[in-house]
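Chemist: To be precise about what I am sending: the file is called entry-v9.tsv and holds TSV, C-alpha atoms.
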chain	number	residue	atom	x	y	z
S	1	MET	CA	75.64	-77.77	13.33
S	2	ARG	CA	74.71	-76.04	16.56
S	3	ARG	CA	76.14	-72.77	15.29
S	4	LEU	CA	74.08	-73.08	12.10
S	5	LEU	CA	70.92	-73.76	14.12
S	6	LEU	CA	71.54	-70.68	16.27
S	7	LEU	CA	72.11	-68.59	13.15
S	8	LEU	CA	68.82	-69.78	11.65
S	9	MET	CA	66.96	-69.02	14.88
S	10	ALA	CA	68.48	-65.55	15.03
S	11	THR	CA	67.56	-64.89	11.40
S	12	GLY	CA	63.98	-66.02	12.04
S	13	TRP	CA	63.77	-63.75	15.08
S	14	LEU	CA	65.00	-60.77	13.05
S	15	LEU	CA	62.52	-61.45	10.27
S	16	THR	CA	59.70	-61.76	12.78
S	17	GLY	CA	60.74	-58.56	14.51
S	18	THR	CA	60.88	-56.55	11.29
S	19	ALA	CA	57.53	-57.99	10.13
S	20	ARG	CA	55.66	-56.83	13.21
S	21	ALA	CA	53.22	-54.06	12.51
S	22	GLU	CA	53.88	-50.61	13.85
S	23	VAL	CA	51.44	-49.63	16.58
S	24	PRO	CA	50.76	-45.96	17.34
S	25	THR	CA	51.41	-44.64	20.81
S	26	ASP	CA	48.10	-44.71	22.64
S	27	PRO	CA	47.45	-45.00	26.39
S	28	ARG	CA	44.42	-47.21	25.74
S	29	ILE	CA	46.68	-49.75	24.01
S	30	THR	CA	49.52	-49.65	26.53
S	31	GLU	CA	47.17	-49.93	29.51
S	32	ALA	CA	45.25	-52.80	27.91
S	33	VAL	CA	48.42	-54.78	27.19
S	34	LYS	CA	49.64	-54.16	30.72
S	35	ALA	CA	46.36	-55.40	32.19
S	36	TRP	CA	46.23	-58.46	29.91
S	37	ALA	CA	49.48	-59.70	31.45
S	38	ILE	CA	47.35	-60.40	34.56
S	39	GLU	CA	43.88	-61.17	33.18
S	40	PRO	CA	42.25	-60.97	29.70
S	41	LEU	CA	40.00	-58.02	30.60
S	42	TYR	CA	40.95	-54.35	30.67
S	43	VAL	CA	38.40	-51.75	31.78
S	44	ASP	CA	39.06	-48.05	31.34
S	45	PRO	CA	38.24	-46.16	34.58
S	46	GLU	CA	35.56	-44.29	32.68
S	47	PHE	CA	33.60	-47.55	32.22
S	48	SER	CA	34.21	-49.25	35.57
S	49	SER	CA	30.59	-48.75	36.63
S	50	VAL	CA	29.10	-50.56	33.61
S	51	VAL	CA	31.18	-53.76	33.78
S	52	ASP	CA	30.11	-56.90	35.64
S	53	ARG	CA	33.71	-58.05	35.91
S	54	ALA	CA	33.30	-61.53	37.39
S	55	GLU	CA	30.61	-62.56	34.90
S	56	THR	CA	32.55	-61.07	31.97
S	57	LEU	CA	35.69	-62.97	32.96
S	58	LYS	CA	33.62	-66.14	33.13
S	59	VAL	CA	32.39	-65.59	29.56
S	60	ILE	CA	35.99	-65.04	28.41
S	61	SER	CA	37.24	-68.20	30.13
S	62	ASP	CA	34.45	-70.27	28.56
S	63	SER	CA	35.47	-69.30	25.02
S	64	THR	CA	37.04	-71.97	22.81
S	65	VAL	CA	39.69	-69.48	21.60
S	66	PRO	CA	41.80	-67.01	23.60
S	67	VAL	CA	39.86	-63.76	24.06
S	68	PHE	CA	41.23	-60.38	25.10
S	69	VAL	CA	38.69	-57.68	25.93
S	70	ALA	CA	39.24	-53.95	26.27
S	71	VAL	CA	36.38	-51.75	27.48
S	72	VAL	CA	37.57	-48.35	26.32
S	73	PRO	CA	36.30	-45.18	24.61
S	74	TYR	CA	36.73	-44.90	20.85
S	75	GLY	CA	35.43	-42.76	18.03
S	76	GLU	CA	36.20	-40.32	15.23
S	77	TRP	CA	38.23	-38.10	17.56
S	78	PHE	CA	40.81	-40.84	18.31
S	79	GLN	CA	43.66	-42.05	16.12
S	80	GLU	CA	41.58	-44.87	14.65
S	81	LYS	CA	39.08	-42.27	13.32
S	82	GLY	CA	36.07	-44.33	14.36
S	83	ASP	CA	37.49	-47.63	13.02
S	84	ALA	CA	37.25	-49.69	16.23
S	85	VAL	CA	38.28	-52.87	14.39
S	86	LEU	CA	41.54	-51.12	13.53
S	87	LEU	CA	41.97	-50.26	17.22
S	88	ALA	CA	41.46	-53.94	18.08
S	89	GLY	CA	44.10	-54.83	15.47
S	90	TRP	CA	46.59	-52.40	17.02
S	91	MET	CA	45.94	-53.94	20.42
S	92	ALA	CA	46.46	-57.42	18.98
S	93	ALA	CA	49.76	-56.42	17.39
S	94	ALA	CA	50.94	-54.76	20.60
S	95	ASN	CA	49.98	-57.77	22.74
S	96	ASP	CA	51.50	-60.13	20.16
S	97	LYS	CA	49.49	-63.18	21.23
S	98	PRO	CA	47.08	-65.19	19.07
S	99	GLY	CA	43.47	-64.64	20.01
S	100	LEU	CA	40.25	-62.78	19.44
S	101	TYR	CA	40.54	-59.12	20.44
S	102	VAL	CA	37.30	-57.36	21.38
S	103	VAL	CA	36.83	-53.64	21.92
S	104	MET	CA	33.68	-52.63	23.81
S	105	ASP	CA	32.16	-49.44	25.18
S	106	GLY	CA	28.95	-50.74	26.78
S	107	ARG	CA	26.89	-50.12	23.63
S	108	ARG	CA	28.75	-51.84	20.81
S	109	SER	CA	31.35	-54.58	20.44
S	110	TYR	CA	34.02	-54.77	17.75
S	111	GLY	CA	36.28	-57.76	17.19
S	112	ALA	CA	39.43	-58.70	15.28
S	113	ALA	CA	40.85	-62.21	14.94
S	114	HIS	CA	44.63	-62.31	15.30
S	115	ARG	CA	46.43	-65.45	14.08
S	116	VAL	CA	43.55	-67.71	15.13
S	117	ASP	CA	41.47	-69.95	12.91
S	118	VAL	CA	38.11	-68.22	13.40
S	119	ARG	CA	35.76	-65.80	11.67
S	120	VAL	CA	34.02	-63.13	13.69
S	121	TRP	CA	31.47	-60.42	12.88
S	122	SER	CA	33.11	-57.01	12.88
S	123	TRP	CA	30.63	-55.55	15.36
S	124	GLY	CA	27.55	-56.17	17.48
S	125	TYR	CA	24.91	-54.08	19.25
S	126	GLN	CA	23.91	-54.10	22.88
S	127	LYS	CA	20.25	-54.78	23.58
S	128	ASP	CA	18.32	-52.58	26.01
S	129	LYS	CA	19.60	-52.92	29.60
S	130	GLU	CA	21.85	-55.84	28.63
S	131	SER	CA	24.87	-56.42	30.85
S	132	LEU	CA	28.35	-56.31	29.39
S	133	SER	CA	28.83	-60.03	30.04
S	134	ARG	CA	25.65	-60.91	28.12
S	135	GLN	CA	26.65	-58.58	25.32
S	136	LEU	CA	30.05	-60.27	25.08
S	137	SER	CA	28.47	-63.72	25.27
S	138	GLY	CA	26.20	-62.90	22.34
S	139	PHE	CA	29.09	-61.49	20.36
S	140	LEU	CA	31.29	-64.53	20.95
S	141	GLY	CA	28.37	-66.79	20.09
S	142	GLU	CA	28.74	-65.68	16.45
S	143	VAL	CA	32.38	-66.80	16.25
S	144	ARG	CA	32.89	-69.59	13.72
S	145	GLU	CA	35.87	-71.76	12.79
S	146	THR	CA	37.26	-71.22	9.28
S	147	ASN	CA	39.58	-74.26	8.86
S	148	ASN	CA	42.29	-71.93	7.61
S	149	ARG	CA	45.71	-73.50	8.08
S	150	THR	CA	47.49	-70.15	7.99
S	151	PRO	CA	45.52	-67.72	10.17
S	152	GLU	CA	46.29	-64.11	9.35
S	153	PRO	CA	47.20	-61.32	11.76
S	154	ALA	CA	44.62	-58.68	12.56
S	155	ARG	CA	44.40	-55.63	10.33
S	156	THR	CA	46.67	-52.78	11.46
S	157	GLU	CA	46.23	-50.41	8.53
S	158	PRO	CA	43.24	-48.16	7.78
S	159	THR	CA	40.85	-49.48	5.17
S	160	PRO	CA	41.57	-47.66	1.89
S	161	PRO	CA	38.71	-45.54	0.56
S	162	PRO	CA	36.76	-46.99	-2.37
S	163	ALA	CA	38.17	-46.14	-5.77
S	164	PRO	CA	36.22	-43.41	-7.59
S	165	GLU	CA	34.06	-44.59	-10.44
S	166	GLN	CA	35.74	-44.08	-13.79
S	167	PRO	CA	33.62	-42.36	-16.45
S	168	GLU	CA	32.76	-44.59	-19.37
S	169	PRO	CA	34.86	-43.63	-22.42
S	170	PRO	CA	32.86	-42.18	-25.30
S	171	LYS	CA	32.07	-44.61	-28.08
S	172	LYS	CA	33.95	-44.12	-31.32
S	173	PHE	CA	31.66	-43.01	-34.14
S	174	THR	CA	31.87	-45.45	-37.05
S	175	THR	CA	30.26	-45.81	-40.49
S	176	GLY	CA	28.17	-48.69	-39.18
S	177	MET	CA	26.83	-46.52	-36.37
S	178	ALA	CA	25.95	-43.80	-38.90
S	179	ILE	CA	24.05	-46.28	-41.06
S	180	ARG	CA	22.20	-47.71	-38.06
S	181	ASN	CA	21.31	-44.25	-36.79
S	182	GLY	CA	20.15	-43.22	-40.27
S	183	LEU	CA	17.96	-46.28	-40.68
S	184	ALA	CA	16.49	-45.78	-37.21
S	185	GLY	CA	15.76	-42.14	-38.01
S	186	ALA	CA	14.14	-43.04	-41.32
S	187	LEU	CA	12.01	-45.70	-39.67
S	188	LEU	CA	10.86	-43.27	-36.99
S	189	GLY	CA	10.14	-40.71	-39.73
S	190	LEU	CA	8.01	-43.19	-41.64
S	191	ILE	CA	6.10	-44.17	-38.52
S	192	GLY	CA	5.61	-40.57	-37.49
S	193	GLY	CA	4.60	-39.55	-41.02
S	194	GLY	CA	2.13	-42.40	-41.23
S	195	ILE	CA	0.53	-41.42	-37.93
S	196	LEU	CA	0.37	-37.75	-38.93
S	197	GLY	CA	-1.02	-38.64	-42.36
S	198	GLY	CA	-3.70	-40.80	-40.77
S	199	ILE	CA	-4.71	-37.94	-38.48
S	200	VAL	CA	-4.91	-35.53	-41.42
S	201	LEU	CA	-7.02	-37.95	-43.48
S	202	ALA	CA	-9.36	-38.52	-40.56
S	203	VAL	CA	-9.81	-34.77	-40.08
S	204	LEU	CA	-10.48	-34.27	-43.82
S	205	ALA	CA	-13.00	-37.11	-43.87
S	206	PHE	CA	-14.78	-35.75	-40.83
S	207	THR	CA	-14.87	-32.23	-42.31
S	208	GLY	CA	-16.19	-33.61	-45.63
S	209	ARG	CA	-19.02	-35.44	-43.89
S	210	ARG	CA	-20.02	-32.28	-42.03
S	211	ARG	CA	-20.14	-30.31	-45.26
S	212	GLU	CA	-22.29	-32.95	-46.95
S	213	GLY	CA	-24.65	-32.93	-44.04
S	214	SER	CA	-25.04	-29.16	-44.10
S	215	THR	CA	-25.94	-29.00	-47.83
Can you dump the structure from the file as structure tokens?
Modeler:
Amino acid sequence: MRRLLLLLMATGWLLTGTARAEVPTDPRITEAVKAWAIEPLYVDPEFSSVVDRAETLKVISDSTVPVFVAVVPYGEWFQEKGDAVLLAGWMAAANDKPGLYVVMDGRRSYGAAHRVDVRVWSWGYQKDKESLSRQLSGFLGEVRETNNRTPEPARTEPTPPPAPEQPEPPKKFTTGMAIRNGLAGALLGLIGGGILGGIVLAVLAFTGRRREGST
């Protein structure tokens, strides 16, 4: 029995290991995971001057769900190609702990829920002269529970581009369509002929009255 239990545990571990998403090699990810082993806030040296660390850590600790924050540069020129939510998903997969992963740069915040029962807005703006801690507090204030019994992992694949619109196939010409088109054409011809005939009669009547008046 014990041997069977160990075999089942080993099989589960192998399945979990093979199911883990592949994470690209990126110093922002490796440094963030390394820092999160000590505290749930990683700040890239480039942004050290814009972070009120103590207040930001207080906001993180007050959250009802685990929160991991990375203040790092991102954009079109990085591997995520401007998809900061994808970067947050890579960080979540690399850290391999349930929680809400937030990527910030002092102007915007992007979040990805990883195996936690919450819904979060994909991004949020910083207001003028707003501290990082207040920005994070506002972002986390929009987090809502979803009552999902099987929380999903964060997205680790790029969002596929929208499918191109397919041209509408041409309609098959049928006898019924020919009859309808013919009737419509005849009706328009009658209407147009009636209008033209009325104009001609009016012109003739007007010309006749002028001639009578001149005699």
Chemist: With distances taken over only C-alpha atoms, which residue among S:Trp121, S:Glu142, S:Phe47, S:Arg155 lies nearest Arg107 (chain S)?
Modeler: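 Closest candidate: S:Phe47.
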Chemist: With 3 Å on each side, where is the centre of the axis-aligned box around all listed atoms of region 36-54 of chain S, and how long are its edges in Å to one decimal, as AutoDock Vina command-line options?
Modeler:
--center_x 39.3 --center_y -52.9 --center_z 33.5 --size_x 26.4 --size_y 23.2 --size_z 13.7
Chemist: Neighbours of Arg115 (chain S) within 6 Å (all atoms listed in the file; same-chain residues fewer than 6 positions away dropped), as a ChimeraX atom specification?
Modeler: /S:98,151-153
Chemist: Write the residues you've just listed into a file as a short mmCIF file (atom, residue, chain, number, x, y, z; two decimals), in the frame of the given file, and include C-alpha atoms for each of them.
Modeler:
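Everything below was put into again-v7.cif:
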data_model
loop_
_atom_site.label_atom_id
_atom_site.label_comp_id
_atom_site.auth_asym_id
_atom_site.auth_seq_id
_atom_site.Cartn_x
_atom_site.Cartn_y
_atom_site.Cartn_z
CA PRO S 98 47.08 -65.19 19.07
CA PRO S 151 45.52 -67.72 10.17
CA GLU S 152 46.29 -64.11 9.35
CA PRO S 153 47.20 -61.32 11.76
#
Chemist: Applying 12 Å and all atoms listed in the file, which residues near region 22-24 of chain S remain after dropping the ones on its own chain fewer than 6 positions away? List them as a PyMOL selection string.
Modeler: chain S and resi 30+78-80+86-96+155-157
Chemist: Suppose you want the space between CA of Gly111 (chain S) and CA of Gly138 (chain S); what is it in Å?
Modeler: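 Computed distance, CA of Gly111 (chain S) to CA of Gly138 (chain S), equals 12.4 Å.
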Chemist: Record the distance separating CA of Asp26 (chain S) and CA of Tyr74 (chain S), expressed in Å with one decimal.
Modeler: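 It comes out at 11.5 Å.
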Chemist: Just the residues within 12 Å of Ala35 (chain S), please, counting all atoms listed in the file, with nothing from its chain fewer than 6 positions along; format it as a list in words.
Modeler: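 Returned residues: Pro27, Arg28, Ile29, Leu41, Tyr42, Val43, Asp44, Phe68, Val69, Ala70, Val71, Met91 and Asn95 of chain S.
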Chemist: So, counting all atoms listed in the file, which residue among S:Leu140, S:Met104, S:Val67, S:Val116 is closest to Val51 (chain S)?
Modeler: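 Answer, going by the shortest atom-to-atom distance: S:Met104.
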Chemist: Check the smallest atom-to-atom distance from each of S:Val103, S:Gln135, S:Val85, S:Ala32 to Pro45 (chain S) using all atoms listed in the file, then report the winner.
Modeler: S:Ala32
Chemist: Would you mind putting back all heavy atoms on region 92-103 of chain S, then writing it out as a PDB file, keeping the file's coordinate frame?
Modeler:
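Result file is out.pdb:
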ATOM      1  N   ALA S  92      45.988 -56.062  19.231  1.00  0.00           N
ATOM      2  CA  ALA S  92      46.460 -57.420  18.980  1.00  0.00           C
ATOM      3  C   ALA S  92      47.950 -57.427  18.631  1.00  0.00           C
ATOM      4  O   ALA S  92      48.715 -58.256  19.123  1.00  0.00           O
ATOM      5  CB  ALA S  92      45.649 -58.050  17.849  1.00  0.00           C
ATOM      6  N   ALA S  93      48.356 -56.494  17.778  1.00  0.00           N
ATOM      7  CA  ALA S  93      49.760 -56.420  17.390  1.00  0.00           C
ATOM      8  C   ALA S  93      50.645 -56.050  18.577  1.00  0.00           C
ATOM      9  O   ALA S  93      51.752 -56.576  18.729  1.00  0.00           O
ATOM     10  CB  ALA S  93      49.932 -55.400  16.265  1.00  0.00           C
ATOM     11  N   ALA S  94      50.162 -55.165  19.432  1.00  0.00           N
ATOM     12  CA  ALA S  94      50.940 -54.760  20.600  1.00  0.00           C
ATOM     13  C   ALA S  94      51.042 -55.894  21.611  1.00  0.00           C
ATOM     14  O   ALA S  94      52.094 -56.104  22.229  1.00  0.00           O
ATOM     15  CB  ALA S  94      50.308 -53.526  21.247  1.00  0.00           C
ATOM     16  N   ASN S  95      49.968 -56.649  21.785  1.00  0.00           N
ATOM     17  CA  ASN S  95      49.980 -57.770  22.740  1.00  0.00           C
ATOM     18  C   ASN S  95      50.749 -58.964  22.188  1.00  0.00           C
ATOM     19  O   ASN S  95      51.320 -59.753  22.954  1.00  0.00           O
ATOM     20  CB  ASN S  95      48.545 -58.171  23.075  1.00  0.00           C
ATOM     21  CG  ASN S  95      48.450 -58.978  24.342  1.00  0.00           C
ATOM     22  OD1 ASN S  95      49.097 -58.670  25.350  1.00  0.00           O
ATOM     23  ND2 ASN S  95      47.635 -60.024  24.317  1.00  0.00           N
ATOM     24  N   ASP S  96      50.718 -59.105  20.859  1.00  0.00           N
ATOM     25  CA  ASP S  96      51.500 -60.130  20.160  1.00  0.00           C
ATOM     26  C   ASP S  96      51.196 -61.545  20.632  1.00  0.00           C
ATOM     27  O   ASP S  96      52.094 -62.378  20.779  1.00  0.00           O
ATOM     28  CB  ASP S  96      53.002 -59.844  20.306  1.00  0.00           C
ATOM     29  CG  ASP S  96      53.810 -60.600  19.246  1.00  0.00           C
ATOM     30  OD1 ASP S  96      53.267 -60.860  18.167  1.00  0.00           O
ATOM     31  OD2 ASP S  96      54.981 -60.933  19.523  1.00  0.00           O
ATOM     32  N   LYS S  97      49.920 -61.832  20.872  1.00  0.00           N
ATOM     33  CA  LYS S  97      49.490 -63.180  21.230  1.00  0.00           C
ATOM     34  C   LYS S  97      48.296 -63.550  20.377  1.00  0.00           C
ATOM     35  O   LYS S  97      47.395 -62.735  20.177  1.00  0.00           O
ATOM     36  CB  LYS S  97      49.114 -63.263  22.716  1.00  0.00           C
ATOM     37  CG  LYS S  97      50.284 -63.082  23.665  1.00  0.00           C
ATOM     38  CD  LYS S  97      49.818 -63.176  25.111  1.00  0.00           C
ATOM     39  CE  LYS S  97      50.974 -62.977  26.080  1.00  0.00           C
ATOM     40  NZ  LYS S  97      50.530 -63.032  27.491  1.00  0.00           N
ATOM     41  N   PRO S  98      48.246 -64.784  19.854  1.00  0.00           N
ATOM     42  CA  PRO S  98      47.080 -65.190  19.070  1.00  0.00           C
ATOM     43  C   PRO S  98      45.810 -65.127  19.912  1.00  0.00           C
ATOM     44  O   PRO S  98      45.823 -65.466  21.103  1.00  0.00           O
ATOM     45  CB  PRO S  98      47.414 -66.632  18.666  1.00  0.00           C
ATOM     46  CG  PRO S  98      48.893 -66.747  18.813  1.00  0.00           C
ATOM     47  CD  PRO S  98      49.261 -65.845  19.944  1.00  0.00           C
ATOM     48  N   GLY S  99      44.733 -64.691  19.287  1.00  0.00           N
ATOM     49  CA  GLY S  99      43.470 -64.640  20.010  1.00  0.00           C
ATOM     50  C   GLY S  99      42.465 -63.760  19.312  1.00  0.00           C
ATOM     51  O   GLY S  99      42.723 -63.199  18.232  1.00  0.00           O
ATOM     52  N   LEU S 100      41.315 -63.645  19.917  1.00  0.00           N
ATOM     53  CA  LEU S 100      40.250 -62.780  19.440  1.00  0.00           C
ATOM     54  C   LEU S 100      40.240 -61.532  20.310  1.00  0.00           C
ATOM     55  O   LEU S 100      40.058 -61.626  21.530  1.00  0.00           O
ATOM     56  CB  LEU S 100      38.906 -63.504  19.506  1.00  0.00           C
ATOM     57  CG  LEU S 100      37.680 -62.715  19.087  1.00  0.00           C
ATOM     58  CD1 LEU S 100      37.803 -62.238  17.649  1.00  0.00           C
ATOM     59  CD2 LEU S 100      36.422 -63.557  19.255  1.00  0.00           C
ATOM     60  N   TYR S 101      40.443 -60.387  19.705  1.00  0.00           N
ATOM     61  CA  TYR S 101      40.540 -59.120  20.440  1.00  0.00           C
ATOM     62  C   TYR S 101      39.227 -58.353  20.259  1.00  0.00           C
ATOM     63  O   TYR S 101      38.798 -58.097  19.130  1.00  0.00           O
ATOM     64  CB  TYR S 101      41.725 -58.316  19.950  1.00  0.00           C
ATOM     65  CG  TYR S 101      43.043 -58.920  20.394  1.00  0.00           C
ATOM     66  CD1 TYR S 101      43.559 -60.052  19.747  1.00  0.00           C
ATOM     67  CD2 TYR S 101      43.742 -58.400  21.468  1.00  0.00           C
ATOM     68  CE1 TYR S 101      44.747 -60.627  20.170  1.00  0.00           C
ATOM     69  CE2 TYR S 101      44.932 -58.975  21.902  1.00  0.00           C
ATOM     70  CZ  TYR S 101      45.428 -60.086  21.241  1.00  0.00           C
ATOM     71  OH  TYR S 101      46.608 -60.646  21.664  1.00  0.00           O
ATOM     72  N   VAL S 102      38.615 -58.006  21.387  1.00  0.00           N
ATOM     73  CA  VAL S 102      37.300 -57.360  21.380  1.00  0.00           C
ATOM     74  C   VAL S 102      37.391 -56.013  22.065  1.00  0.00           C
ATOM     75  O   VAL S 102      37.892 -55.913  23.187  1.00  0.00           O
ATOM     76  CB  VAL S 102      36.239 -58.243  22.076  1.00  0.00           C
ATOM     77  CG1 VAL S 102      34.866 -57.603  21.962  1.00  0.00           C
ATOM     78  CG2 VAL S 102      36.230 -59.648  21.478  1.00  0.00           C
ATOM     79  N   VAL S 103      36.909 -54.990  21.369  1.00  0.00           N
ATOM     80  CA  VAL S 103      36.830 -53.640  21.920  1.00  0.00           C
ATOM     81  C   VAL S 103      35.369 -53.329  22.187  1.00  0.00           C
ATOM     82  O   VAL S 103      34.518 -53.491  21.302  1.00  0.00           O
ATOM     83  CB  VAL S 103      37.438 -52.610  20.938  1.00  0.00           C
ATOM     84  CG1 VAL S 103      37.197 -51.191  21.444  1.00  0.00           C
ATOM     85  CG2 VAL S 103      38.923 -52.855  20.756  1.00  0.00           C
TER      86      VAL S 103
END
